[in-house]
>>> print(open('run.cif').read())   # mmCIF, C-alpha atoms
data_data
loop_
_atom_site.label_atom_id
_atom_site.label_comp_id
_atom_site.auth_asym_id
_atom_site.auth_seq_id
_atom_site.Cartn_x
_atom_site.Cartn_y
_atom_site.Cartn_z
CA MET S 142 -70.80 25.30 -28.04
CA GLU S 143 -70.77 21.75 -29.33
CA LEU S 144 -70.07 18.65 -27.30
CA ILE S 145 -67.28 16.47 -28.64
CA THR S 146 -68.61 13.74 -30.92
CA SER S 147 -67.19 11.11 -33.23
CA LYS S 148 -67.67 13.62 -36.05
CA THR S 149 -65.42 16.16 -34.37
CA ASN S 150 -62.84 13.71 -33.01
CA ARG S 151 -60.77 14.48 -36.09
CA TRP S 152 -60.06 17.90 -34.61
CA VAL S 153 -58.69 16.27 -31.47
CA LYS S 154 -56.48 14.04 -33.61
CA LEU S 155 -55.28 17.08 -35.55
CA ALA S 156 -54.47 18.93 -32.33
CA GLU S 157 -52.29 16.00 -31.25
CA GLN S 158 -50.56 15.93 -34.65
CA LEU S 159 -49.84 19.65 -34.50
CA LYS S 160 -47.43 19.03 -31.66
CA HIS S 161 -45.00 18.01 -34.43
CA ARG S 162 -43.50 20.39 -36.97
CA LYS S 163 -44.09 18.16 -39.99
CA PHE S 164 -47.84 18.29 -39.39
CA ARG S 165 -47.80 22.05 -38.72
CA ASP S 166 -46.09 22.45 -42.09
CA LYS S 167 -48.37 19.92 -43.79
CA PHE S 168 -51.66 21.39 -42.59
CA SER S 169 -50.45 25.00 -42.21
CA LYS S 170 -51.96 25.20 -38.74
CA PHE S 171 -50.62 25.56 -35.21
CA ILE S 172 -51.69 25.49 -31.58
CA MET S 173 -52.28 28.42 -29.24
CA GLU S 174 -53.14 27.79 -25.62
CA GLY S 175 -54.47 29.73 -22.65
CA VAL S 176 -57.00 32.43 -21.90
CA ARG S 177 -54.66 35.28 -22.77
CA SER S 178 -53.75 33.74 -26.12
CA ALA S 179 -57.41 33.17 -26.93
CA ASP S 180 -58.24 36.77 -26.05
CA ASP S 181 -55.33 38.01 -28.14
CA ALA S 182 -56.46 35.98 -31.15
CA ARG S 183 -59.98 37.37 -30.73
CA ASN S 184 -58.74 40.95 -30.41
CA GLN S 185 -56.67 40.55 -33.58
CA GLY S 186 -59.72 39.32 -35.46
CA ILE S 187 -58.36 35.86 -36.21
CA ARG S 188 -61.15 33.94 -37.94
CA ASP S 189 -62.11 30.29 -38.41
CA VAL S 190 -60.37 29.04 -35.27
CA VAL S 191 -61.15 25.66 -33.71
CA CYS S 192 -61.47 26.26 -29.98
CA PHE S 193 -61.40 23.44 -27.42
CA VAL S 194 -62.67 24.40 -23.99
CA THR S 195 -63.57 22.43 -20.86
CA GLU S 196 -66.83 22.97 -19.01
CA LYS S 197 -64.89 24.19 -15.97
CA ALA S 198 -63.00 26.77 -18.01
CA TYR S 199 -66.18 27.87 -19.76
CA GLU S 200 -67.71 28.70 -16.39
CA GLU S 201 -65.08 31.41 -15.90
CA PRO S 202 -66.64 34.76 -16.93
CA ARG S 203 -63.62 35.97 -18.94
CA THR S 204 -63.28 32.71 -20.84
CA LYS S 205 -67.00 32.55 -21.53
CA PHE S 206 -67.01 36.11 -22.86
CA ILE S 207 -64.02 35.46 -25.17
CA VAL S 208 -65.50 32.24 -26.52
CA GLN S 209 -69.00 33.63 -27.10
CA GLU S 210 -67.74 36.81 -28.77
CA ALA S 211 -65.37 34.90 -31.06
CA GLN S 212 -68.01 32.33 -31.92
CA ASP S 213 -70.50 35.02 -32.92
CA GLU S 214 -68.17 37.48 -34.64
CA LEU S 215 -65.30 35.38 -36.02
CA HIS S 216 -66.96 32.03 -36.77
CA TRP S 217 -64.91 30.04 -34.26
CA LEU S 218 -65.88 26.38 -33.97
CA VAL S 219 -66.13 25.84 -30.21
CA LEU S 220 -65.93 22.28 -28.89
CA CYS S 221 -66.56 21.33 -25.29
CA VAL S 222 -64.12 18.58 -24.28
CA PRO S 223 -63.67 16.64 -21.05
CA GLU S 224 -60.59 17.13 -18.88
CA PRO S 225 -58.81 13.96 -20.11
CA ILE S 226 -59.03 15.17 -23.72
CA MET S 227 -57.76 18.61 -22.73
CA LYS S 228 -54.77 17.01 -20.98
CA LEU S 229 -54.10 15.04 -24.15
CA ILE S 230 -53.95 18.08 -26.42
CA SER S 231 -52.56 20.61 -23.97
CA GLY S 232 -48.87 21.48 -24.07
CA THR S 233 -48.71 22.58 -20.42
CA GLU S 234 -48.91 20.69 -17.14
CA THR S 235 -51.42 23.13 -15.66
CA SER S 236 -53.77 23.84 -18.54
CA GLN S 237 -56.19 26.78 -18.35
CA GLY S 238 -58.74 24.64 -20.15
CA ILE S 239 -58.69 26.36 -23.54
CA VAL S 240 -56.71 25.39 -26.65
CA LEU S 241 -56.98 26.82 -30.17
CA ILE S 242 -56.14 25.47 -33.61
CA VAL S 243 -55.19 28.48 -35.73
CA ASP S 244 -54.30 28.81 -39.42
CA LYS S 245 -50.66 29.75 -39.97
CA PRO S 246 -50.38 33.17 -41.60
CA LYS S 247 -49.27 32.84 -45.22
CA HIS S 248 -46.13 34.83 -46.00
CA ASN S 249 -43.72 34.37 -48.88
CA GLN S 250 -40.58 36.07 -50.08
CA GLU S 251 -42.43 37.90 -52.85
CA GLU S 252 -43.83 40.14 -50.10
CA LEU S 253 -40.28 41.28 -49.34
CA ASP S 254 -40.16 43.77 -52.20
CA HIS S 255 -40.18 47.48 -51.41
CA VAL S 256 -39.36 46.69 -47.78
CA LYS S 257 -39.58 49.62 -45.39
CA GLY S 258 -38.69 49.76 -41.70
CA HIS S 259 -36.65 47.40 -39.57
CA TYR S 260 -36.64 43.61 -39.89
CA VAL S 261 -35.04 41.10 -37.54
CA LEU S 262 -32.94 38.27 -38.94
CA LEU S 263 -32.32 35.20 -36.77
CA GLU S 264 -29.65 32.79 -37.97
CA LYS S 265 -30.14 29.23 -36.74
CA VAL S 266 -31.67 30.19 -33.40
CA GLN S 267 -32.43 26.89 -31.72
CA ASP S 268 -34.43 27.55 -28.57
CA PRO S 269 -38.16 28.09 -29.22
CA GLY S 270 -38.51 30.13 -26.03
CA ASN S 271 -35.78 32.47 -27.25
CA LEU S 272 -37.40 32.75 -30.66
CA GLY S 273 -40.83 33.55 -29.24
CA THR S 274 -39.42 36.14 -26.86
CA ILE S 275 -37.49 37.86 -29.67
CA ILE S 276 -40.63 37.96 -31.84
CA ARG S 277 -42.48 39.62 -28.96
CA THR S 278 -39.61 42.07 -28.42
CA ALA S 279 -39.39 42.89 -32.13
CA ALA S 280 -43.10 43.66 -32.23
CA ALA S 281 -42.82 45.89 -29.17
CA ALA S 282 -39.83 47.72 -30.69
CA GLY S 283 -41.80 48.53 -33.84
CA CYS S 284 -40.09 46.10 -36.21
CA ARG S 285 -41.91 45.04 -39.36
CA GLY S 286 -41.10 41.33 -39.65
CA ILE S 287 -38.94 38.34 -38.77
CA LEU S 288 -36.53 36.59 -41.14
CA LEU S 289 -35.58 33.04 -40.10
CA THR S 290 -32.75 31.19 -41.78
CA GLU S 291 -32.64 27.52 -42.61
CA GLY S 292 -31.85 25.51 -39.51
CA SER S 293 -33.81 27.74 -37.14
CA THR S 294 -36.38 26.36 -34.74
CA ASP S 295 -40.07 26.57 -35.67
CA ALA S 296 -41.77 29.89 -34.90
CA TYR S 297 -45.09 28.04 -34.61
CA SER S 298 -44.10 25.44 -32.04
CA GLU S 299 -46.15 25.58 -28.86
CA LYS S 300 -43.29 26.99 -26.77
CA ALA S 301 -42.37 29.64 -29.34
CA VAL S 302 -46.00 30.70 -29.74
CA ARG S 303 -46.48 30.82 -25.97
CA SER S 304 -43.31 32.90 -25.50
CA SER S 305 -44.34 35.31 -28.26
CA MET S 306 -47.51 36.19 -26.30
CA GLY S 307 -49.53 36.48 -29.51
CA SER S 308 -46.91 38.46 -31.42
CA VAL S 309 -46.38 35.57 -33.85
CA LEU S 310 -49.70 36.78 -35.27
CA ARG S 311 -48.67 40.46 -35.19
CA LEU S 312 -45.51 40.20 -37.27
CA PRO S 313 -44.99 38.32 -40.53
CA VAL S 314 -42.46 35.49 -40.14
CA TYR S 315 -40.49 34.43 -43.23
CA GLU S 316 -39.01 30.98 -42.72
CA LYS S 317 -36.22 28.79 -44.10
CA LEU S 318 -34.25 31.56 -45.81
CA SER S 319 -30.87 30.70 -47.32
CA LEU S 320 -27.82 32.96 -47.35
CA GLU S 321 -28.60 33.73 -50.98
CA ASP S 322 -32.18 34.65 -50.08
CA VAL S 323 -30.95 37.11 -47.45
CA ARG S 324 -28.46 38.64 -49.88
CA ASP S 325 -31.20 39.03 -52.49
CA ILE S 326 -33.62 40.66 -50.02
CA LYS S 327 -30.94 43.06 -48.89
CA GLU S 328 -29.74 44.02 -52.35
CA ARG S 329 -33.04 44.41 -54.15
CA ASN S 330 -34.41 46.60 -51.34
CA HIS S 331 -31.17 48.54 -50.80
CA LEU S 332 -31.27 47.75 -47.09
CA VAL S 333 -28.68 48.40 -44.43
CA MET S 334 -27.76 45.12 -42.73
CA VAL S 335 -26.44 45.19 -39.18
CA GLY S 336 -24.74 42.21 -37.60
CA THR S 337 -24.01 41.37 -33.97
CA SER S 338 -20.53 40.18 -33.11
CA LEU S 339 -17.77 40.53 -30.54
CA HIS S 340 -15.20 41.11 -33.26
CA ASN S 341 -14.78 43.99 -35.72
CA ALA S 342 -17.82 45.65 -34.22
CA MET S 343 -18.74 48.98 -32.64
CA PRO S 344 -20.58 49.56 -29.33
CA TYR S 345 -24.31 49.47 -30.01
CA LYS S 346 -24.78 53.04 -28.74
CA GLU S 347 -22.54 54.27 -31.57
CA SER S 348 -24.72 52.71 -34.27
CA PRO S 349 -25.52 55.16 -37.05
CA ALA S 350 -29.22 55.74 -37.61
CA PHE S 351 -30.88 54.01 -40.57
CA ALA S 352 -34.47 54.03 -41.73
CA ASP S 353 -34.75 50.68 -43.50
CA GLY S 354 -32.69 47.65 -42.64
CA ILE S 355 -32.09 44.20 -41.23
CA ILE S 356 -30.78 43.66 -37.71
CA ALA S 357 -29.28 40.19 -37.40
CA PHE S 358 -28.65 37.89 -34.44
CA GLY S 359 -26.97 34.51 -34.44
CA ASN S 360 -27.16 31.08 -32.92
CA GLU S 361 -27.15 30.89 -29.11
CA GLY S 362 -23.86 29.00 -28.96
CA ASN S 363 -21.94 30.14 -32.03
CA GLY S 364 -23.28 33.56 -32.89
CA MET S 365 -23.50 34.67 -36.51
CA SER S 366 -21.64 32.76 -39.20
CA GLU S 367 -18.81 34.43 -41.09
CA ASP S 368 -20.79 34.10 -44.31
CA MET S 369 -23.75 35.98 -42.86
CA LEU S 370 -21.52 38.59 -41.25
CA SER S 371 -19.96 39.22 -44.66
CA LEU S 372 -23.34 40.55 -45.84
CA CYS S 373 -23.46 43.12 -43.03
CA ASP S 374 -22.57 46.77 -43.52
CA PHE S 375 -21.35 46.95 -39.93
CA SER S 376 -21.69 45.01 -36.67
CA LEU S 377 -22.57 45.94 -33.11
CA TYR S 378 -21.66 44.60 -29.70
CA ILE S 379 -22.88 45.27 -26.16
CA PRO S 380 -20.14 46.24 -23.69
CA ILE S 381 -20.30 43.87 -20.72
CA HIS S 382 -18.82 44.45 -17.27
CA ASN S 383 -17.90 42.60 -14.07
CA GLY S 384 -16.50 39.54 -15.80
CA VAL S 385 -19.78 38.43 -17.36
CA GLU S 386 -18.92 36.57 -20.56
CA SER S 387 -22.06 37.11 -22.62
CA LEU S 388 -25.75 37.88 -22.65
CA ASN S 389 -28.59 35.59 -23.67
CA VAL S 390 -29.63 36.32 -27.24
CA THR S 391 -33.05 37.54 -26.05
CA ALA S 392 -31.47 40.12 -23.75
CA ALA S 393 -29.06 41.23 -26.47
CA ALA S 394 -31.90 41.52 -28.96
CA ALA S 395 -33.99 43.64 -26.58
CA ILE S 396 -31.14 46.07 -25.92
CA ILE S 397 -30.13 46.48 -29.56
CA LEU S 398 -33.61 46.53 -31.08
CA PHE S 399 -34.93 49.21 -28.79
CA HIS S 400 -31.84 51.29 -29.48
CA THR S 401 -31.67 50.90 -33.26
CA ALA S 402 -35.36 50.67 -34.10
CA GLU S 403 -36.53 53.71 -32.16
#
>>> encode(input="run.cif", output="C-alpha coordinates")
Amino acid sequence: MELITSKTNRWVKLAEQLKHRKFRDKFSKFIMEGVRSADDARNQGIRDVVCFVTEKAYEEPRTKFIVQEAQDELHWLVLCVPEPIMKLISGTETSQGIVLIVDKPKHNQEELDHVKGHYVLLEKVQDPGNLGTIIRTAAAAGCRGILLTEGSTDAYSEKAVRSSMGSVLRLPVYEKLSLEDVRDIKERNHLVMVGTSLHNAMPYKESPAFADGIIAFGNEGNGMSEDMLSLCDFSLYIPIHNGVESLNVTAAAAIILFHTAE
(Lines of atoms letter the chains of each structure in order from A and count residues from 1; the text may use other names and numbers.)
(Lines give C-alpha, C1' and ligand atoms only; values in the text may rest on other atoms or scores of the structure.)
Protein backbone atom coordinates (compact mmCIF):
# COMPACT_ATOMS: atom_id res chain seq x y z
CA MET A 1 0.00 0.00 0.00
CA GLU A 2 1.37 3.36 -1.03
CA LEU A 3 1.04 6.60 0.89
CA ILE A 4 -0.49 9.46 -1.07
CA THR A 5 2.18 11.61 -2.71
CA SER A 6 2.31 14.47 -5.18
CA LYS A 7 2.84 11.84 -7.88
CA THR A 8 -0.44 10.12 -7.07
CA ASN A 9 -2.47 13.26 -6.36
CA ARG A 10 -3.69 13.03 -9.94
CA TRP A 11 -5.76 10.02 -8.92
CA VAL A 12 -7.45 12.08 -6.22
CA LYS A 13 -8.20 14.79 -8.77
CA LEU A 14 -9.61 12.18 -11.14
CA ALA A 15 -11.82 10.75 -8.40
CA GLU A 16 -13.27 14.22 -7.82
CA GLN A 17 -13.85 14.69 -11.56
CA LEU A 18 -15.62 11.35 -11.84
CA LYS A 19 -18.47 12.73 -9.77
CA HIS A 20 -19.58 14.34 -13.06
CA ARG A 21 -20.90 12.43 -16.05
CA LYS A 22 -18.85 14.30 -18.65
CA PHE A 23 -15.64 13.09 -17.01
CA ARG A 24 -16.96 9.52 -16.60
CA ASP A 25 -17.65 9.55 -20.33
CA LYS A 26 -14.36 11.24 -21.16
CA PHE A 27 -12.12 8.91 -19.16
CA SER A 28 -14.37 5.83 -19.35
CA LYS A 29 -14.06 5.30 -15.60
CA PHE A 30 -16.41 5.45 -12.64
CA ILE A 31 -16.47 5.31 -8.85
CA MET A 32 -17.45 2.42 -6.61
CA GLU A 33 -17.54 2.87 -2.87
CA GLY A 34 -17.74 0.72 0.24
CA VAL A 35 -16.43 -2.59 1.52
CA ARG A 36 -19.14 -4.65 -0.13
CA SER A 37 -18.55 -3.01 -3.52
CA ALA A 38 -14.81 -3.56 -3.21
CA ASP A 39 -15.36 -7.22 -2.34
CA ASP A 40 -17.76 -7.61 -5.24
CA ALA A 41 -15.27 -6.10 -7.68
CA ARG A 42 -12.58 -8.44 -6.36
CA ASN A 43 -14.84 -11.49 -6.61
CA GLN A 44 -15.69 -10.59 -10.21
CA GLY A 45 -12.01 -10.37 -11.07
CA ILE A 46 -12.03 -6.69 -11.97
CA ARG A 47 -8.43 -5.72 -12.72
CA ASP A 48 -6.37 -2.53 -12.68
CA VAL A 49 -8.50 -0.74 -10.11
CA VAL A 50 -7.27 2.32 -8.20
CA CYS A 51 -8.23 1.77 -4.57
CA PHE A 52 -8.22 4.56 -1.99
CA VAL A 53 -8.33 3.37 1.61
CA THR A 54 -7.85 5.08 4.97
CA GLU A 55 -5.57 3.66 7.65
CA LYS A 56 -8.57 3.16 9.93
CA ALA A 57 -10.45 1.19 7.29
CA TYR A 58 -7.35 -0.85 6.46
CA GLU A 59 -7.18 -1.99 10.07
CA GLU A 60 -10.50 -3.80 9.63
CA PRO A 61 -9.76 -7.49 8.90
CA ARG A 62 -12.27 -7.82 6.05
CA THR A 63 -11.09 -4.66 4.31
CA LYS A 64 -7.45 -5.61 4.73
CA PHE A 65 -8.08 -9.06 3.25
CA ILE A 66 -9.95 -7.63 0.23
CA VAL A 67 -7.28 -5.03 -0.46
CA GLN A 68 -4.33 -7.40 -0.09
CA GLU A 69 -5.90 -10.12 -2.23
CA ALA A 70 -6.86 -7.67 -4.99
CA GLN A 71 -3.45 -6.01 -4.91
CA ASP A 72 -1.67 -9.35 -5.32
CA GLU A 73 -4.01 -11.06 -7.77
CA LEU A 74 -5.62 -8.26 -9.78
CA HIS A 75 -2.92 -5.57 -9.83
CA TRP A 76 -4.94 -2.99 -7.90
CA LEU A 77 -3.09 0.23 -7.13
CA VAL A 78 -3.79 0.79 -3.44
CA LEU A 79 -3.32 4.29 -2.03
CA CYS A 80 -3.52 5.12 1.65
CA VAL A 81 -5.25 8.49 2.08
CA PRO A 82 -6.03 10.58 5.15
CA GLU A 83 -9.61 11.08 6.31
CA PRO A 84 -9.96 14.60 4.81
CA ILE A 85 -9.07 13.26 1.36
CA MET A 86 -11.51 10.37 1.75
CA LYS A 87 -14.28 12.84 2.65
CA LEU A 88 -13.40 14.82 -0.46
CA ILE A 89 -13.76 11.89 -2.85
CA SER A 90 -16.47 9.95 -1.04
CA GLY A 91 -20.06 10.20 -2.24
CA THR A 92 -21.58 9.31 1.14
CA GLU A 93 -21.80 11.15 4.44
CA THR A 94 -20.64 8.13 6.43
CA SER A 95 -17.87 6.67 4.31
CA GLN A 96 -16.57 3.17 5.02
CA GLY A 97 -13.10 4.41 4.14
CA ILE A 98 -12.66 2.67 0.79
CA VAL A 99 -13.29 4.08 -2.70
CA LEU A 100 -12.43 2.53 -6.07
CA ILE A 101 -11.81 3.97 -9.52
CA VAL A 102 -12.93 1.31 -12.00
CA ASP A 103 -12.77 1.14 -15.79
CA LYS A 104 -16.21 1.29 -17.42
CA PRO A 105 -16.98 -1.94 -19.25
CA LYS A 106 -16.85 -1.41 -23.02
CA HIS A 107 -20.06 -2.42 -24.77
CA ASN A 108 -21.30 -1.36 -28.19
CA GLN A 109 -24.30 -2.10 -30.33
CA GLU A 110 -22.34 -4.47 -32.56
CA GLU A 111 -22.51 -6.93 -29.66
CA LEU A 112 -26.29 -6.97 -30.01
CA ASP A 113 -26.30 -9.40 -32.92
CA HIS A 114 -27.58 -12.92 -32.37
CA VAL A 115 -29.15 -11.82 -29.09
CA LYS A 116 -30.49 -14.61 -26.91
CA GLY A 117 -32.41 -14.38 -23.64
CA HIS A 118 -34.20 -11.45 -22.05
CA TYR A 119 -33.03 -7.84 -22.15
CA VAL A 120 -34.45 -4.90 -20.20
CA LEU A 121 -35.14 -1.62 -21.98
CA LEU A 122 -35.45 1.55 -19.90
CA GLU A 123 -36.84 4.60 -21.68
CA LYS A 124 -35.71 7.90 -20.15
CA VAL A 125 -35.56 6.63 -16.58
CA GLN A 126 -34.41 9.62 -14.56
CA ASP A 127 -33.68 8.49 -11.02
CA PRO A 128 -30.25 6.86 -10.61
CA GLY A 129 -31.44 4.91 -7.58
CA ASN A 130 -34.25 3.44 -9.65
CA LEU A 131 -31.87 2.59 -12.47
CA GLY A 132 -29.38 0.87 -10.18
CA THR A 133 -32.11 -1.13 -8.46
CA ILE A 134 -33.55 -2.28 -11.79
CA ILE A 135 -30.09 -3.37 -12.98
CA ARG A 136 -29.72 -5.41 -9.79
CA THR A 137 -33.20 -6.90 -10.23
CA ALA A 138 -32.56 -7.72 -13.89
CA ALA A 139 -29.36 -9.55 -12.97
CA ALA A 140 -31.16 -11.51 -10.25
CA ALA A 141 -33.97 -12.43 -12.67
CA GLY A 142 -31.49 -13.87 -15.16
CA CYS A 143 -31.67 -11.12 -17.78
CA ARG A 144 -28.79 -10.74 -20.21
CA GLY A 145 -28.37 -6.97 -20.51
CA ILE A 146 -29.74 -3.45 -20.11
CA LEU A 147 -30.73 -1.14 -22.97
CA LEU A 148 -30.88 2.57 -22.04
CA THR A 149 -32.44 5.11 -24.35
CA GLU A 150 -31.24 8.62 -24.96
CA GLY A 151 -32.28 10.88 -22.11
CA SER A 152 -31.82 8.23 -19.40
CA THR A 153 -29.77 8.88 -16.30
CA ASP A 154 -26.20 7.56 -16.15
CA ALA A 155 -25.83 3.92 -15.12
CA TYR A 156 -22.34 4.72 -13.78
CA SER A 157 -23.25 7.58 -11.46
CA GLU A 158 -22.34 6.94 -7.84
CA LYS A 159 -25.96 6.49 -6.73
CA ALA A 160 -26.83 4.15 -9.61
CA VAL A 161 -23.70 2.06 -9.01
CA ARG A 162 -24.39 1.91 -5.27
CA SER A 163 -28.01 0.87 -5.85
CA SER A 164 -26.97 -1.82 -8.34
CA MET A 165 -24.91 -3.52 -5.61
CA GLY A 166 -22.22 -4.49 -8.12
CA SER A 167 -24.63 -5.68 -10.81
CA VAL A 168 -23.57 -2.83 -13.12
CA LEU A 169 -20.48 -5.01 -13.59
CA ARG A 170 -22.50 -8.21 -14.03
CA LEU A 171 -24.70 -7.10 -16.91
CA PRO A 172 -23.70 -5.25 -20.07
CA VAL A 173 -25.30 -1.80 -20.26
CA TYR A 174 -25.90 -0.30 -23.71
CA GLU A 175 -26.40 3.45 -23.44
CA LYS A 176 -27.91 6.32 -25.43
CA LEU A 177 -30.02 4.20 -27.79
CA SER A 178 -32.41 5.96 -30.16
CA LEU A 179 -35.84 4.70 -31.18
CA GLU A 180 -34.30 3.62 -34.48
CA ASP A 181 -31.56 1.72 -32.65
CA VAL A 182 -34.15 -0.18 -30.63
CA ARG A 183 -36.16 -0.99 -33.75
CA ASP A 184 -33.02 -2.25 -35.49
CA ILE A 185 -31.99 -4.44 -32.53
CA LYS A 186 -35.47 -5.92 -32.35
CA GLU A 187 -35.84 -6.59 -36.06
CA ARG A 188 -32.41 -7.98 -36.85
CA ASN A 189 -32.61 -10.39 -33.90
CA HIS A 190 -36.28 -11.28 -34.42
CA LEU A 191 -37.04 -10.44 -30.80
CA VAL A 192 -40.36 -10.23 -29.04
CA MET A 193 -40.74 -6.77 -27.48
CA VAL A 194 -42.99 -6.34 -24.46
CA GLY A 195 -44.15 -2.95 -23.27
CA THR A 196 -45.62 -1.82 -19.95
CA SER A 197 -48.70 0.37 -20.06
CA LEU A 198 -52.07 0.91 -18.40
CA HIS A 199 -53.79 1.03 -21.78
CA ASN A 200 -54.29 -1.67 -24.42
CA ALA A 201 -52.43 -4.10 -22.21
CA MET A 202 -53.02 -7.51 -20.62
CA PRO A 203 -52.46 -8.50 -16.97
CA TYR A 204 -48.84 -9.53 -16.55
CA LYS A 205 -49.80 -13.04 -15.40
CA GLU A 206 -51.38 -13.64 -18.82
CA SER A 207 -48.16 -12.87 -20.69
CA PRO A 208 -47.33 -15.53 -23.26
CA ALA A 209 -43.96 -17.19 -22.78
CA PHE A 210 -41.09 -16.11 -25.04
CA ALA A 211 -37.49 -17.22 -25.12
CA ASP A 212 -35.75 -14.15 -26.54
CA GLY A 213 -37.00 -10.62 -26.13
CA ILE A 214 -36.96 -7.11 -24.76
CA ILE A 215 -39.02 -6.10 -21.73
CA ALA A 216 -39.48 -2.34 -21.67
CA PHE A 217 -40.24 0.13 -18.88
CA GLY A 218 -40.80 3.85 -19.17
CA ASN A 219 -40.08 7.12 -17.46
CA GLU A 220 -41.13 7.42 -13.81
CA GLY A 221 -43.63 10.20 -14.50
CA ASN A 222 -44.82 9.58 -18.05
CA GLY A 223 -44.34 5.89 -18.68
CA MET A 224 -43.41 4.65 -22.15
CA SER A 225 -43.78 6.94 -25.14
CA GLU A 226 -46.30 6.13 -27.85
CA ASP A 227 -43.46 5.76 -30.35
CA MET A 228 -41.72 3.14 -28.22
CA LEU A 229 -44.98 1.35 -27.47
CA SER A 230 -45.59 1.10 -31.22
CA LEU A 231 -42.55 -1.20 -31.46
CA CYS A 232 -44.00 -3.60 -28.88
CA ASP A 233 -45.73 -6.85 -29.81
CA PHE A 234 -47.94 -6.55 -26.73
CA SER A 235 -48.01 -4.70 -23.41
CA LEU A 236 -48.50 -5.74 -19.80
CA TYR A 237 -49.94 -4.09 -16.73
CA ILE A 238 -50.04 -4.98 -13.03
CA PRO A 239 -53.54 -5.03 -11.50
CA ILE A 240 -53.57 -2.72 -8.48
CA HIS A 241 -56.08 -2.74 -5.64
CA ASN A 242 -57.32 -0.61 -2.73
CA GLY A 243 -57.21 2.67 -4.61
CA VAL A 244 -53.44 2.72 -5.11
CA GLU A 245 -52.76 4.66 -8.30
CA SER A 246 -49.45 3.17 -9.40
CA LEU A 247 -46.30 1.34 -8.42
CA ASN A 248 -42.76 2.67 -8.46
CA VAL A 249 -40.98 1.56 -11.63
CA THR A 250 -38.56 -0.57 -9.58
CA ALA A 251 -41.42 -2.50 -7.98
CA ALA A 252 -43.15 -2.94 -11.33
CA ALA A 253 -39.91 -4.13 -12.92
CA ALA A 254 -39.31 -6.69 -10.17
CA ILE A 255 -42.80 -8.16 -10.49
CA ILE A 256 -42.79 -8.36 -14.28
CA LEU A 257 -39.19 -9.47 -14.75
CA PHE A 258 -39.42 -12.36 -12.33
CA HIS A 259 -42.64 -13.46 -13.99
CA THR A 260 -41.59 -13.15 -17.64
CA ALA A 261 -37.91 -14.04 -17.37
CA GLU A 262 -38.29 -17.22 -15.36
>>> resolve_selection(input="run.cif", expression="the PyMOL selection byres ((chain S and resi 157) around 12)", output="ChimeraX atom specification")
/S:150-156,158-162,164-165,170-172,226-232,240-242,299
>>> resolve_selection(input="run.cif", expression="the PyMOL selection byres ((chain S and resi 371) around 12)", output="ChimeraX atom specification")
/S:320,323-324,334-338,341,357,365-370,372-376
>>> axis_aligned_box(input="run.cif", around="segment 203-220 of chain S", padding_each_side="5 Å", output="JSON")
{"center_x": -66.9, "center_y": 29.9, "center_z": -27.9, "size_x": 17.2, "size_y": 25.2, "size_z": 27.8}
>>> residues_around(input="run.cif", residues="Gln250 of chain S", least_positions_apart="5", cutoff="12 Å", atoms="all atoms listed in the file", output="MDAnalysis selection string")
chainID S and resid 255:256 286:289 313:319 322:323 325:327 329
>>> closest_residue(input="run.cif", among="S:Ser293, S:Thr401, S:Thr204, S:Asn184", to="Ala279 of chain S", atoms="all atoms listed in the file")
S:Thr401
>>> resolve_selection(input="run.cif", expression="the PyMOL selection byres ((chain S and resi 237) around 9)", output="mmCIF file with C-alpha atoms, in the frame of the given file")
data_model
loop_
_atom_site.group_PDB
_atom_site.id
_atom_site.type_symbol
_atom_site.label_atom_id
_atom_site.label_comp_id
_atom_site.auth_asym_id
_atom_site.auth_seq_id
_atom_site.Cartn_x
_atom_site.Cartn_y
_atom_site.Cartn_z
ATOM 1 C CA GLU S 174 -53.140 27.790 -25.620
ATOM 2 C CA GLY S 175 -54.470 29.730 -22.650
ATOM 3 C CA VAL S 176 -57.000 32.430 -21.900
ATOM 4 C CA VAL S 194 -62.670 24.400 -23.990
ATOM 5 C CA THR S 195 -63.570 22.430 -20.860
ATOM 6 C CA ALA S 198 -63.000 26.770 -18.010
ATOM 7 C CA THR S 233 -48.710 22.580 -20.420
ATOM 8 C CA THR S 235 -51.420 23.130 -15.660
ATOM 9 C CA SER S 236 -53.770 23.840 -18.540
ATOM 10 C CA GLY S 238 -58.740 24.640 -20.150
ATOM 11 C CA ILE S 239 -58.690 26.360 -23.540
ATOM 12 C CA VAL S 240 -56.710 25.390 -26.650
#
>>> atom_distance(input="run.cif", atom1="atom CA of Gly307 of chain S", atom2="atom CA of Gly270 of chain S")
13.2 Å
>>> residues_around(input="run.cif", residues="Ala393 of chain S", least_positions_apart="5", cutoff="10 Å", atoms="only C-alpha atoms", output="list in words")
Ile275, Thr337, Phe358, Tyr378, Ile379, Ser387, Leu388 and Leu398 of chain S
>>> atom_distance(input="run.cif", atom1="atom CA of Gly186 of chain S", atom2="atom CA of Arg311 of chain S")
11.1 Å
>>> residues_around(input="run.cif", residues="Val208 of chain S", least_positions_apart="3", cutoff="9 Å", atoms="only C-alpha atoms", output="JSON list (two decimals) with C-alpha atoms, in the coordinates of the input")
[["chain", "number", "residue", "atom", "x", "y", "z"],
["S", 142, "MET", "CA", -70.80, 25.30, -28.04],
["S", 179, "ALA", "CA", -57.41, 33.17, -26.93],
["S", 180, "ASP", "CA", -58.24, 36.77, -26.05],
["S", 183, "ARG", "CA", -59.98, 37.37, -30.73],
["S", 192, "CYS", "CA", -61.47, 26.26, -29.98],
["S", 194, "VAL", "CA", -62.67, 24.40, -23.99],
["S", 199, "TYR", "CA", -66.18, 27.87, -19.76],
["S", 203, "ARG", "CA", -63.62, 35.97, -18.94],
["S", 204, "THR", "CA", -63.28, 32.71, -20.84],
["S", 205, "LYS", "CA", -67.00, 32.55, -21.53],
["S", 211, "ALA", "CA", -65.37, 34.90, -31.06],
["S", 212, "GLN", "CA", -68.01, 32.33, -31.92],
["S", 213, "ASP", "CA", -70.50, 35.02, -32.92],
["S", 217, "TRP", "CA", -64.91, 30.04, -34.26],
["S", 219, "VAL", "CA", -66.13, 25.84, -30.21]]
>>> closest_residue(input="run.cif", among="S:Val261, S:Arg277, S:Lys245, S:Glu361", to="Asp189 of chain S", atoms="only C-alpha atoms")
S:Lys245
>>> atom_distance(input="run.cif", atom1="atom CA of His400 of chain S", atom2="atom CA of Leu377 of chain S")
11.3 Å
>>> residues_around(input="run.cif", residues="Val266 of chain S", least_positions_apart="5", cutoff="10 Å", atoms="all atoms listed in the file", output="number ranges by chain")
S: 271-272, 289-295, 358-365, 390
>>> closest_residue(input="run.cif", among="S:Ala350, S:Leu220, S:Ala395, S:Ala342", to="Pro380 of chain S", atoms="all atoms listed in the file")
S:Ala342
>>> residues_around(input="run.cif", residues="Cys284 of chain S", least_positions_apart="4", cutoff="8 Å", atoms="all atoms listed in the file", output="VMD selection string")
chain S and resid 258 to 261 279 to 280 402
>>> closest_residue(input="run.cif", among="S:His331, S:Glu196, S:Ala282, S:Arg188", to="Asp254 of chain S", atoms="all atoms listed in the file")
S:His331
>>> closest_residue(input="run.cif", among="S:Ser305, S:Ala296, S:Val190, S:Asp244", to="Lys167 of chain S", atoms="only C-alpha atoms")
S:Asp244
>>> closest_residue(input="run.cif", among="S:Phe206, S:Thr391, S:Val222, S:Ile355", to="Glu328 of chain S", atoms="all atoms listed in the file")
S:Ile355
